[in-house]
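For reference, structure02.cif is printed below; it contains mmCIF, C-alpha atoms.
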```cif
data_input
#
loop_
_atom_site.label_atom_id
_atom_site.label_comp_id
_atom_site.auth_asym_id
_atom_site.auth_seq_id
_atom_site.Cartn_x
_atom_site.Cartn_y
_atom_site.Cartn_z
CA MET A 19 -15.34 48.26 40.97
CA ALA A 20 -16.52 49.41 44.39
CA ALA A 21 -20.20 48.99 45.13
CA PRO A 22 -22.26 52.22 45.48
CA ARG A 23 -22.56 53.59 48.98
CA THR A 24 -25.75 52.53 50.72
CA GLN A 25 -27.15 52.85 54.18
CA ALA A 26 -26.66 49.89 56.46
CA PRO A 27 -29.85 47.88 56.90
CA PRO A 28 -31.67 48.21 60.21
CA THR A 29 -30.51 45.60 62.69
CA ASN A 30 -31.24 44.57 66.20
CA ARG A 31 -28.58 44.05 68.89
CA ASN A 32 -27.49 40.79 67.24
CA GLY A 33 -26.84 42.45 63.89
CA ARG A 34 -29.83 40.64 62.41
CA GLY A 35 -32.87 42.27 60.85
CA LYS A 36 -36.25 41.98 62.42
CA ASP A 37 -37.73 40.16 59.42
CA ASN A 38 -34.88 38.38 57.67
CA GLY A 39 -31.73 38.08 59.78
CA GLN A 40 -29.55 36.29 57.23
CA MET A 41 -30.38 38.79 54.48
CA ASP A 42 -29.50 41.73 56.73
CA PHE A 43 -26.24 40.09 57.84
CA GLU A 44 -25.30 39.53 54.20
CA ALA A 45 -26.24 43.11 53.30
CA LEU A 46 -24.11 44.46 56.15
CA LYS A 47 -21.22 42.24 55.09
CA GLN A 48 -21.45 43.46 51.48
CA LEU A 49 -21.59 47.08 52.65
CA ILE A 50 -18.49 46.71 54.81
CA HIS A 51 -16.66 44.85 52.06
CA SER A 52 -17.45 47.59 49.52
CA LYS A 53 -16.28 50.30 51.94
CA LEU A 54 -13.12 48.28 52.58
CA VAL A 55 -12.39 48.25 48.84
CA GLU A 56 -12.82 52.04 48.75
CA LYS A 57 -10.39 52.51 51.64
CA LEU A 58 -7.66 50.14 50.43
CA ASP A 59 -4.47 51.82 49.23
CA LEU A 60 -3.59 49.35 46.46
CA SER A 61 -0.19 50.92 45.88
CA ARG A 62 0.76 50.20 49.51
CA LEU A 63 -0.56 46.64 49.60
CA GLY A 64 2.37 45.43 47.52
CA ASP A 65 4.74 46.37 50.36
CA LEU A 66 2.96 44.10 52.83
CA GLU A 67 2.93 40.32 52.85
CA GLY A 68 1.12 37.44 54.48
CA ASP A 69 0.12 37.88 58.12
CA THR A 70 1.16 41.54 58.25
CA LEU A 71 -1.21 42.43 55.42
CA ARG A 72 -4.08 40.46 56.96
CA ARG A 73 -3.58 42.15 60.35
CA GLU A 74 -3.61 45.59 58.74
CA ILE A 75 -6.81 44.85 56.81
CA ARG A 76 -8.42 43.31 59.89
CA LEU A 77 -7.95 46.58 61.78
CA VAL A 78 -9.74 48.44 58.98
CA VAL A 79 -12.61 45.92 58.98
CA GLU A 80 -12.97 46.13 62.76
CA HIS A 81 -13.21 49.91 62.54
CA LEU A 82 -15.86 49.63 59.79
CA CYS A 83 -17.88 47.17 61.88
CA ASP A 84 -17.86 49.52 64.84
CA THR A 85 -18.83 52.45 62.61
CA GLU A 86 -21.62 50.80 60.63
CA ASN A 87 -23.21 48.81 63.45
CA PRO A 88 -21.78 49.27 66.94
CA LEU A 89 -24.57 47.11 68.42
CA LEU A 90 -23.26 43.83 66.94
CA ASN A 91 -22.57 41.28 69.67
CA ARG A 92 -19.11 39.76 69.93
CA ALA A 93 -19.91 36.51 68.11
CA GLU A 94 -21.66 38.24 65.18
CA ARG A 95 -18.91 40.84 64.94
CA GLU A 96 -16.16 38.19 64.82
CA ARG A 97 -18.07 36.14 62.26
CA LEU A 98 -18.61 39.19 60.06
CA ILE A 99 -14.91 40.18 60.27
CA GLU A 100 -13.74 36.67 59.34
CA GLU A 101 -16.16 36.41 56.42
CA VAL A 102 -15.11 39.81 55.04
CA LEU A 103 -11.45 38.76 55.31
CA ASP A 104 -12.25 35.48 53.56
CA GLU A 105 -13.94 37.42 50.75
CA THR A 106 -10.89 39.68 50.49
CA PHE A 107 -8.04 37.17 50.77
CA GLY A 108 -9.46 33.71 50.32
CA PHE A 109 -12.23 31.80 48.62
CA GLY A 110 -15.22 33.28 50.42
CA PRO A 111 -17.70 30.77 51.89
CA LEU A 112 -15.43 27.91 50.77
CA GLU A 113 -12.91 28.84 53.46
CA ILE A 114 -15.15 27.39 56.19
CA LEU A 115 -15.25 23.98 54.47
CA LEU A 116 -11.55 24.04 53.57
CA LYS A 117 -10.70 24.53 57.27
CA GLU A 118 -13.09 21.83 58.51
CA GLU A 119 -11.45 18.58 59.58
CA GLY A 120 -12.60 15.36 57.94
CA VAL A 121 -14.04 16.87 54.73
CA ALA A 122 -12.82 14.74 51.82
CA ASP A 123 -14.88 16.18 48.95
CA ILE A 124 -16.81 19.39 48.36
CA MET A 125 -19.53 19.30 45.68
CA ILE A 126 -21.19 22.58 44.71
CA ASN A 127 -24.29 22.34 42.50
CA GLY A 128 -25.06 26.02 42.07
CA PRO A 129 -24.84 28.74 44.74
CA LYS A 130 -27.41 27.30 47.17
CA ASN A 131 -26.66 23.56 47.01
CA VAL A 132 -23.33 22.69 48.62
CA PHE A 133 -22.64 19.08 49.62
CA ILE A 134 -19.66 17.57 51.42
CA GLU A 135 -18.35 14.07 51.96
CA LYS A 136 -17.28 13.63 55.56
CA HIS A 137 -16.21 10.34 57.13
CA GLY A 138 -17.38 8.47 54.04
CA ARG A 139 -20.90 9.96 53.96
CA ILE A 140 -22.34 12.69 51.74
CA GLN A 141 -24.33 15.41 53.50
CA LYS A 142 -25.69 18.83 52.61
CA SER A 143 -23.78 21.77 54.06
CA ASN A 144 -25.35 24.97 55.38
CA VAL A 145 -22.71 26.96 53.48
CA THR A 146 -24.15 28.94 50.55
CA PHE A 147 -23.11 31.63 48.07
CA ARG A 148 -25.13 34.78 47.45
CA ASP A 149 -25.85 34.06 43.80
CA ASN A 150 -24.29 32.74 40.58
CA GLU A 151 -22.16 35.85 40.19
CA HIS A 152 -20.67 35.42 43.67
CA LEU A 153 -19.83 31.78 42.95
CA LEU A 154 -18.29 32.72 39.60
CA GLN A 155 -16.09 35.33 41.32
CA ILE A 156 -14.72 32.72 43.72
CA LEU A 157 -14.25 30.25 40.87
CA ASP A 158 -12.37 32.81 38.79
CA ARG A 159 -10.11 33.52 41.76
CA ILE A 160 -9.30 29.79 42.06
CA VAL A 161 -8.49 29.14 38.40
CA SER A 162 -6.59 32.40 37.82
CA LYS A 163 -4.10 31.50 40.55
CA VAL A 164 -2.88 28.56 38.44
CA GLY A 165 -2.97 30.34 35.08
CA ARG A 166 -6.24 28.81 33.90
CA ARG A 167 -9.42 30.48 32.72
CA ILE A 168 -13.09 29.61 32.60
CA ASP A 169 -15.71 31.44 30.54
CA GLU A 170 -18.37 30.75 27.91
CA THR A 171 -15.73 29.85 25.31
CA GLN A 172 -14.08 27.39 27.72
CA PRO A 173 -16.76 26.41 30.25
CA MET A 174 -14.84 23.49 31.81
CA CYS A 175 -11.61 23.67 33.75
CA ASP A 176 -9.28 21.66 35.99
CA ALA A 177 -7.33 23.58 38.63
CA ARG A 178 -5.91 23.18 42.12
CA LEU A 179 -5.98 24.99 45.44
CA PRO A 180 -2.84 26.15 47.27
CA ASP A 181 -2.95 23.05 49.52
CA GLY A 182 -2.91 20.77 46.46
CA SER A 183 -6.63 19.95 46.47
CA ARG A 184 -7.96 19.20 42.98
CA VAL A 185 -10.73 21.35 41.51
CA ASN A 186 -12.98 20.61 38.55
CA ALA A 187 -15.40 23.32 37.45
CA ILE A 188 -18.12 23.59 34.84
CA ILE A 189 -20.30 26.64 34.25
CA PRO A 190 -23.37 27.64 32.19
CA PRO A 191 -24.41 27.05 29.47
CA LEU A 192 -23.18 23.49 30.09
CA ALA A 193 -24.22 23.49 33.77
CA LEU A 194 -27.94 24.24 33.80
CA ASP A 195 -28.35 25.09 37.50
CA GLY A 196 -25.44 27.50 37.85
CA PRO A 197 -21.66 27.06 38.21
CA SER A 198 -20.64 23.66 39.57
CA LEU A 199 -17.42 22.85 41.44
CA THR A 200 -16.08 19.53 42.62
CA ILE A 201 -13.13 19.72 45.02
CA ARG A 202 -11.12 16.65 45.97
CA ARG A 203 -9.37 17.58 49.21
CA PHE A 204 -5.66 17.02 49.70
CA GLY A 205 -4.37 18.41 52.96
CA SER A 206 -1.05 20.21 53.28
CA SER A 207 0.23 17.11 55.13
CA PRO A 208 -0.30 14.00 52.98
CA LEU A 209 -1.38 10.74 54.60
CA THR A 210 1.63 8.72 55.67
CA LEU A 211 2.27 5.01 55.48
CA GLU A 212 1.49 4.77 59.20
CA ASN A 213 -1.88 6.49 58.63
CA LEU A 214 -2.86 3.99 55.92
CA LEU A 215 -1.83 1.04 58.07
CA LYS A 216 -3.85 2.44 60.95
CA PHE A 217 -6.90 2.85 58.68
CA GLY A 218 -6.51 -0.75 57.49
CA ALA A 219 -5.93 0.10 53.83
CA PHE A 220 -3.39 -2.73 53.66
CA THR A 221 -1.25 -4.88 55.97
CA PRO A 222 2.42 -4.71 57.04
CA GLU A 223 3.15 -7.81 54.89
CA MET A 224 1.81 -6.06 51.80
CA VAL A 225 3.85 -2.95 52.63
CA MET A 226 7.04 -5.00 52.94
CA PHE A 227 6.53 -6.39 49.46
CA LEU A 228 5.63 -3.01 47.93
CA GLU A 229 8.66 -1.36 49.52
CA GLY A 230 10.85 -4.07 48.05
CA ALA A 231 9.19 -3.67 44.65
CA MET A 232 9.89 0.07 44.67
CA LYS A 233 13.52 -0.41 45.69
CA ALA A 234 13.94 -3.05 42.97
CA ARG A 235 12.48 -0.56 40.47
CA LEU A 236 9.48 -2.57 39.35
CA ASN A 237 7.06 -0.68 37.10
CA ILE A 238 3.72 -0.25 38.85
CA ILE A 239 0.21 0.79 37.82
CA VAL A 240 -2.21 1.86 40.55
CA SER A 241 -5.74 1.07 39.38
CA GLY A 242 -9.00 2.18 40.95
CA GLY A 243 -12.28 4.01 40.63
CA THR A 244 -13.04 7.61 41.44
CA GLY A 245 -12.30 8.41 45.09
CA SER A 246 -10.64 5.06 45.77
CA GLY A 247 -7.39 6.61 47.00
CA LYS A 248 -5.16 6.16 43.95
CA THR A 249 -3.28 9.44 44.40
CA THR A 250 -2.79 8.85 48.13
CA LEU A 251 -1.42 5.40 47.36
CA LEU A 252 0.90 6.83 44.69
CA ASN A 253 2.24 9.36 47.20
CA THR A 254 2.84 6.56 49.70
CA LEU A 255 4.68 4.38 47.19
CA SER A 256 6.86 7.31 46.17
CA SER A 257 8.15 7.56 49.76
CA PHE A 258 10.21 4.43 49.03
CA ILE A 259 12.12 6.08 46.16
CA PRO A 260 15.75 6.76 47.14
CA ASN A 261 16.52 10.43 47.63
CA ASP A 262 19.35 10.46 45.08
CA GLN A 263 17.14 9.56 42.09
CA ARG A 264 15.75 12.15 39.67
CA VAL A 265 11.96 11.89 39.51
CA ILE A 266 9.78 13.69 36.93
CA THR A 267 6.05 13.95 37.59
CA ILE A 268 3.48 14.75 34.90
CA GLU A 269 -0.08 15.81 35.79
CA ASP A 270 -3.06 17.71 34.43
CA ALA A 271 -3.51 19.51 37.76
CA ALA A 272 -0.54 19.04 40.09
CA GLU A 273 -1.58 17.19 43.24
CA LEU A 274 1.20 14.69 43.95
CA GLN A 275 3.16 15.50 47.10
CA LEU A 276 6.49 13.72 46.74
CA GLN A 277 8.96 14.20 49.59
CA GLN A 278 12.21 13.62 47.69
CA ASP A 279 14.67 16.46 47.01
CA HIS A 280 15.21 15.78 43.32
CA VAL A 281 11.68 16.08 41.91
CA LEU A 282 10.75 18.01 38.76
CA ARG A 283 7.01 18.70 38.50
CA LEU A 284 5.44 19.21 35.07
CA GLU A 285 1.85 20.24 34.38
CA THR A 286 -0.14 20.17 31.15
CA ARG A 287 -1.51 23.39 29.68
CA PRO A 288 -4.88 23.92 27.97
CA ALA A 289 -5.25 25.85 24.74
CA ASN A 290 -5.53 29.63 24.90
CA ILE A 291 -8.52 31.66 23.76
CA GLU A 292 -7.42 31.28 20.13
CA GLY A 293 -7.26 27.51 20.52
CA LYS A 294 -3.45 27.41 20.43
CA GLY A 295 -0.67 26.63 22.86
CA ARG A 296 -2.00 23.36 24.28
CA ILE A 297 0.64 21.13 25.87
CA SER A 298 -0.66 17.60 26.41
CA ALA A 299 0.53 14.83 28.72
CA THR A 300 1.87 13.06 25.63
CA ASP A 301 4.06 16.08 24.85
CA LEU A 302 5.37 16.18 28.41
CA VAL A 303 6.09 12.43 28.57
CA ARG A 304 8.09 12.60 25.35
CA ASN A 305 10.00 15.66 26.53
CA SER A 306 10.66 14.18 29.97
CA LEU A 307 12.60 11.29 28.41
CA ARG A 308 15.18 13.87 27.23
CA MET A 309 15.61 15.18 30.76
CA ARG A 310 17.56 12.25 32.20
CA PRO A 311 14.89 10.93 34.58
CA ASP A 312 15.49 7.92 36.77
CA ARG A 313 11.73 7.50 37.14
CA VAL A 314 8.71 9.03 35.43
CA ILE A 315 5.42 9.33 37.34
CA ILE A 316 2.23 10.20 35.47
CA GLY A 317 -0.48 11.30 37.89
CA GLU A 318 -3.17 9.67 35.74
CA CYS A 319 -3.14 8.07 32.29
CA ARG A 320 -6.25 9.24 30.44
CA GLY A 321 -5.34 9.07 26.76
CA PRO A 322 -2.64 8.29 24.22
CA GLU A 323 0.12 9.23 26.69
CA ALA A 324 -0.42 5.68 28.02
CA MET A 325 1.54 4.34 25.05
CA ASP A 326 4.42 6.73 25.69
CA MET A 327 4.42 5.68 29.33
CA LEU A 328 4.69 2.00 28.39
CA GLN A 329 7.56 2.79 26.05
CA ALA A 330 9.31 4.76 28.81
CA MET A 331 8.96 1.78 31.15
CA ASN A 332 10.44 -0.42 28.44
CA THR A 333 13.40 1.81 27.62
CA GLY A 334 15.45 2.17 30.77
CA HIS A 335 13.13 4.09 33.09
CA GLU A 336 12.31 1.24 35.45
CA GLY A 337 10.52 2.05 38.66
CA SER A 338 8.03 4.33 36.95
CA LEU A 339 4.43 4.67 38.16
CA THR A 340 1.05 5.83 36.97
CA THR A 341 -2.62 5.52 37.88
CA ILE A 342 -5.53 4.44 35.74
CA HIS A 343 -9.31 4.37 36.19
CA ALA A 344 -10.41 0.73 36.35
CA ASN A 345 -12.35 -1.49 38.74
CA ALA A 346 -10.11 -4.58 38.61
CA PRO A 347 -6.58 -5.47 37.46
CA ARG A 348 -7.89 -7.23 34.33
CA ASP A 349 -10.02 -4.19 33.53
CA ALA A 350 -6.90 -2.01 33.71
CA VAL A 351 -5.46 -3.83 30.70
CA ALA A 352 -8.64 -3.33 28.66
CA ARG A 353 -8.86 0.30 29.73
CA LEU A 354 -5.32 0.98 28.63
CA GLU A 355 -5.94 -0.69 25.27
CA THR A 356 -8.99 1.54 24.76
CA MET A 357 -7.07 4.73 25.59
CA ILE A 358 -4.30 3.91 23.15
CA THR A 359 -6.60 2.98 20.26
CA MET A 360 -8.91 5.97 20.83
CA GLY A 361 -5.85 8.20 20.59
CA GLY A 362 -5.59 7.31 16.91
CA ILE A 363 -2.57 5.03 17.27
CA GLU A 364 -2.91 2.28 14.70
CA ILE A 365 -1.36 -0.74 16.34
CA PRO A 366 -2.73 -4.29 16.73
CA LEU A 367 -4.18 -5.18 20.12
CA ARG A 368 -1.71 -8.04 20.43
CA ALA A 369 1.16 -5.59 20.08
CA ILE A 370 -0.35 -3.32 22.75
CA ARG A 371 -0.75 -6.28 25.11
CA HIS A 372 2.80 -7.42 24.46
CA GLN A 373 4.05 -3.90 25.22
CA PHE A 374 1.98 -3.89 28.42
CA ALA A 375 3.18 -7.33 29.54
CA SER A 376 6.82 -6.46 29.00
CA ALA A 377 6.58 -3.00 30.62
CA VAL A 378 4.33 -3.45 33.68
CA ASP A 379 5.38 -5.59 36.64
CA LEU A 380 2.64 -4.97 39.21
CA ILE A 381 -0.94 -3.71 39.32
CA ILE A 382 -2.16 -2.42 42.67
CA GLN A 383 -5.95 -2.26 42.79
CA ALA A 384 -7.52 0.28 45.15
CA ASN A 385 -11.26 0.23 45.79
CA ARG A 386 -13.66 2.23 47.88
CA LEU A 387 -16.04 -0.17 49.54
CA GLN A 388 -19.62 0.37 50.66
CA GLY A 389 -19.80 2.83 53.53
CA GLY A 390 -16.54 4.54 52.67
CA PRO A 391 -13.54 2.35 53.66
CA ARG A 392 -10.73 2.34 51.10
CA LYS A 393 -8.73 -0.84 50.66
CA VAL A 394 -5.98 -2.24 48.48
CA THR A 395 -8.01 -5.17 47.18
CA HIS A 396 -5.41 -6.72 44.85
CA ILE A 397 -1.65 -6.75 44.46
CA THR A 398 -1.33 -8.52 41.14
CA GLU A 399 1.79 -9.49 39.22
CA VAL A 400 1.92 -9.28 35.43
CA VAL A 401 3.71 -12.49 34.44
CA GLY A 402 3.82 -12.22 30.64
CA MET A 403 1.93 -13.23 27.49
CA GLU A 404 0.39 -16.52 26.43
CA GLN A 405 -0.83 -16.31 22.85
CA ASP A 406 -3.03 -13.16 22.85
CA THR A 407 -3.68 -13.03 26.59
CA VAL A 408 -1.83 -11.12 29.32
CA ILE A 409 -1.11 -13.57 32.15
CA MET A 410 -1.47 -12.20 35.69
CA GLN A 411 -1.45 -13.73 39.16
CA ASP A 412 -2.75 -12.33 42.45
CA ILE A 413 -0.24 -12.16 45.30
CA PHE A 414 -2.36 -10.46 47.98
CA LEU A 415 -6.15 -10.00 48.11
CA PHE A 416 -8.80 -8.35 50.23
CA VAL A 417 -11.90 -10.51 50.70
CA GLN A 418 -15.10 -8.78 51.81
CA ASP A 419 -16.97 -10.70 54.51
CA GLY A 420 -20.08 -8.54 54.84
CA ILE A 421 -21.61 -5.23 55.94
CA ASP A 422 -21.63 -4.12 59.60
CA GLU A 423 -24.45 -2.41 61.49
CA THR A 424 -23.24 1.07 60.41
CA GLY A 425 -23.44 0.15 56.72
CA LYS A 426 -19.68 -0.25 56.22
CA ALA A 427 -18.12 -3.18 54.40
CA PHE A 428 -15.64 -5.32 56.32
CA GLY A 429 -13.41 -8.24 55.45
CA HIS A 430 -9.90 -9.64 55.66
CA PHE A 431 -6.64 -9.73 53.70
CA GLU A 432 -5.15 -12.92 52.31
CA SER A 433 -1.81 -14.01 50.95
CA THR A 434 -2.60 -16.30 48.02
CA GLY A 435 0.48 -18.52 48.39
CA VAL A 436 1.93 -17.38 45.04
CA ARG A 437 5.63 -16.44 45.11
CA PRO A 438 6.25 -13.53 42.69
CA SER A 439 8.21 -14.49 39.59
CA ASN A 440 10.37 -11.37 39.82
CA MET A 441 11.78 -12.19 43.26
CA ASP A 442 15.19 -12.48 41.60
CA ARG A 443 15.04 -8.76 40.78
CA LEU A 444 14.22 -7.92 44.39
CA GLU A 445 17.09 -10.06 45.66
CA ALA A 446 19.49 -8.53 43.11
CA ALA A 447 18.52 -5.10 44.47
CA GLY A 448 19.44 -6.22 47.98
CA VAL A 449 15.84 -6.70 49.15
CA ARG A 450 15.51 -9.51 51.67
CA LEU A 451 11.99 -10.61 52.56
CA PRO A 452 10.91 -13.19 55.18
CA ALA A 453 10.76 -16.72 53.80
CA ASN A 454 7.09 -17.15 54.78
CA LEU A 455 5.89 -13.74 53.51
CA PHE A 456 3.99 -15.29 50.60
CA ALA A 457 2.70 -18.39 52.42
CA ALA A 458 -1.05 -18.90 51.89
CA ARG A 459 -2.81 -17.53 54.96
CA THR A 460 -5.13 -14.87 56.31
CA LEU A 461 -3.31 -11.68 57.23
CA GLY A 462 -3.90 -9.33 60.13
CA ARG A 463 -5.65 -11.75 62.47
#
```
Do you think you could lay out the structure here as structure tokens?
Amino acid sequence: MAAPRTQAPPTNRNGRGKDNGQMDFEALKQLIHSKLVEKLDLSRLGDLEGDTLRREIRLVVEHLCDTENPLLNRAERERLIEEVLDETFGFGPLEILLKEEGVADIMINGPKNVFIEKHGRIQKSNVTFRDNEHLLQILDRIVSKVGRRIDETQPMCDARLPDGSRVNAIIPPLALDGPSLTIRRFGSSPLTLENLLKFGAFTPEMVMFLEGAMKARLNIIVSGGTGSGKTTLLNTLSSFIPNDQRVITIEDAAELQLQQDHVLRLETRPANIEGKGRISATDLVRNSLRMRPDRVIIGECRGPEAMDMLQAMNTGHEGSLTTIHANAPRDAVARLETMITMGGIEIPLRAIRHQFASAVDLIIQANRLQGGPRKVTHITEVVGMEQDTVIMQDIFLFVQDGIDETGKAFGHFESTGVRPSNMDRLEAAGVRLPANLFAARTLGR
């Protein structure tokens, strides 16, 4: 509904009021936006698309600016036009942060407290929203684009932005200080293998082995904490999948950016307002096995779907991948056991461990170190079972040496000297690795 017509607030030559410049700028912006809504011919908008539509609307906004306050200077006028267009087409004040280079995470704790993580450090942004209602409007625009909803009956939601960035939102009454959003940025161009090598996430020797493991269709779990780079690593590993294989991805909020031609993306669905219609990751994993996949990739195992994933790995879908929240390879086993048992599956722990040991070939541990650097700290092989224990051996490690003067952790990579037991599978797949690749030594020096 269009806002009631009001007189533009008094401004000086900069478009700012004499007493409270920001308030007057916001009032002028709201006035122009409301008049824009009144002028829009909604029936004609459907005939215009993309840049053409934005150009047409921009002309209207420029005319309104000149009419309501012809004394605005060029910088203020351009800023006002862009912000009105962002309110009309995009995500309002968020657009500034989404366009800013180097922003990895956006954390909104109510309309006036917006924080960003940039270059590994968290800092408060000067971006704000008018009030809770304004923030809720932007949030509703985000979640509605992916068929989700958020309201008092369902005050938590996972969604995604058009560029693939992941969004988690929680609103009152659960969030006491106003609507809260957490956005994990994923740019339209995913980080490449060359980028990760340049950043020192791993070494060329480690990449050679991982490429061979993917081509030999080893089953891999990427383990790591929040923000450690698990999804980026999963995207990188998927680049080694041959283009003629059928890959099915399963996610709660789609964020994987696979480059192959033959990829089928599936996404879970929450229950509707009546509490019906929920499609879980477990449902999608089971259905995907009837769709003739060569590989199944679960964006993140969080619950009982972990058991279905292990069974898929054990029943002819080699080369499958998933991620799991854990701080070390050994913790990943315990975490997976917990998820399966909490899902109500009554099965002895020894049976779960046996299923794990027979299904999983490698665990890649990603960690975010102090100060922000992200490293692959372990490439660990799952060897098998000995009595009730899963036997694993580290092939490559990252060893932290200390903290530099900027507060960032630094260290070096090592090859442990262990030759993987599944080298025969790599050789059978035509993978030829240098004879000294696994010799015990420090890498990258």
Got a sec to resolve the PyMOL selection byres ((chain A and resi 323-340) around 8) on this structure and send the residues as a short mmCIF file (atom, residue, chain, number, x, y, z; two decimals) with C-alpha atoms, in the frame of the given file?
```
data_model
loop_
_atom_site.label_atom_id
_atom_site.label_comp_id
_atom_site.auth_asym_id
_atom_site.auth_seq_id
_atom_site.Cartn_x
_atom_site.Cartn_y
_atom_site.Cartn_z
CA MET A 232 9.89 0.07 44.67
CA ALA A 234 13.94 -3.05 42.97
CA ARG A 235 12.48 -0.56 40.47
CA LEU A 236 9.48 -2.57 39.35
CA ASN A 237 7.06 -0.68 37.10
CA ILE A 238 3.72 -0.25 38.85
CA ILE A 239 0.21 0.79 37.82
CA VAL A 240 -2.21 1.86 40.55
CA LEU A 252 0.90 6.83 44.69
CA ALA A 299 0.53 14.83 28.72
CA THR A 300 1.87 13.06 25.63
CA VAL A 303 6.09 12.43 28.57
CA ARG A 304 8.09 12.60 25.35
CA LEU A 307 12.60 11.29 28.41
CA PRO A 311 14.89 10.93 34.58
CA ASP A 312 15.49 7.92 36.77
CA ARG A 313 11.73 7.50 37.14
CA VAL A 314 8.71 9.03 35.43
CA ILE A 315 5.42 9.33 37.34
CA ILE A 316 2.23 10.20 35.47
CA GLY A 317 -0.48 11.30 37.89
CA GLU A 318 -3.17 9.67 35.74
CA CYS A 319 -3.14 8.07 32.29
CA ARG A 320 -6.25 9.24 30.44
CA GLY A 321 -5.34 9.07 26.76
CA PRO A 322 -2.64 8.29 24.22
CA THR A 341 -2.62 5.52 37.88
CA ILE A 342 -5.53 4.44 35.74
CA LEU A 354 -5.32 0.98 28.63
CA MET A 357 -7.07 4.73 25.59
CA ILE A 358 -4.30 3.91 23.15
CA GLN A 373 4.05 -3.90 25.22
CA PHE A 374 1.98 -3.89 28.42
CA SER A 376 6.82 -6.46 29.00
CA ALA A 377 6.58 -3.00 30.62
CA VAL A 378 4.33 -3.45 33.68
#
```
_Counting all atoms listed in the file, which residues sit no farther than 10 Å from the position (-5.6, 22.6, 33.3) in the file's frame? I'd like them as an MDAnalysis selection string._
chainID A and resid 161 164:167 174:178 185:186 269:272 285:289 296:298
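Going from CA of Leu367 (chain A) over to CA of Glu355 (chain A), you cover 7.1 Å.
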*If you count all atoms listed in the file, which residues fall within 10 Å of Phe414 (chain A), apart from same-chain ones fewer than 3 positions away, as a PyMOL selection string?*
chain A and resi 220-221+223-224+227+382+394-399+411+417+431-436+456+458-461
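Across the model, the gap from CA of Met403 (chain A) to CA of Asp349 (chain A) is 16.2 Å.
Separating CA of Gly138 (chain A) from CA of Pro391 (chain A) is a distance of 7.2 Å.
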*With distances taken over all atoms listed in the file, which of A:Gly390, A:Gly462, A:Gly429, A:Gly293 is nearest to Lys136 (chain A)?*
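The answer is A:Gly390, which sits nearest to Lys136 (chain A).
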*asked:* Under the rule that only C-alpha atoms are counted, which of A:Arg386, A:Gly448, A:Val401, A:Ile134 is the nearest residue to Gln418 (chain A)?
replied: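 Once distances to Gln418 (chain A) are computed over only C-alpha atoms, the minimum belongs to A:Arg386.
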*Convert the output of the PyMOL selection byres ((chain A and resi 266) around 6) on the shown file into explicit residues, formatted as a VMD selection string.*
chain A and resid 265 267 281 to 283 314
Pull C-alpha atoms from the residues just selected and write them as a PDB file, in the coordinates of the input.
```pdb
ATOM      1  CA  VAL A 265      11.960  11.890  39.510  1.00  0.00           C
ATOM      2  CA  THR A 267       6.050  13.950  37.590  1.00  0.00           C
ATOM      3  CA  VAL A 281      11.680  16.080  41.910  1.00  0.00           C
ATOM      4  CA  LEU A 282      10.750  18.010  38.760  1.00  0.00           C
ATOM      5  CA  ARG A 283       7.010  18.700  38.500  1.00  0.00           C
ATOM      6  CA  VAL A 314       8.710   9.030  35.430  1.00  0.00           C
TER       7      VAL A 314
END
```
_Between A:Pro438, A:Gly389, A:Gly402, A:Gly218, which residue has the minimum interatomic distance to Thr424 (chain A), considering only C-alpha atoms?_
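Selected residue with least distance to Thr424 (chain A): A:Gly389.
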*Shell around His343 (chain A) at 7 Å using only C-alpha atoms, local window under 3 positions removed, as a PyMOL selection string*: chain A and resi 241-243
_Just checking: using all atoms listed in the file, which residue out of A:Gln263, A:Gln155, A:Ser439, A:Asn150 ends up closest to Asp379 (chain A)?_
A:Ser439
*Selected residue of minimal separation from Leu153 (chain A) among A:Pro190, A:Gly230, A:Pro222, A:Gly128, counting all atoms listed in the file*: A:Gly128
*Apply the PyMOL selection byres ((chain A and resi 196) around 8) to the displayed file and report the matching residues as a list in words.*
Asn127, Gly128, Pro129, Asn150, Ile189, Pro190, Ala193, Leu194, Asp195, Pro197 and Ser198 of chain A
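Residue nearest Glu292 (chain A) within the list A:Gln172, A:Met410, A:Gly361, A:Gly247: A:Gln172 [criterion: smallest interatomic distance, all atoms listed in the file].
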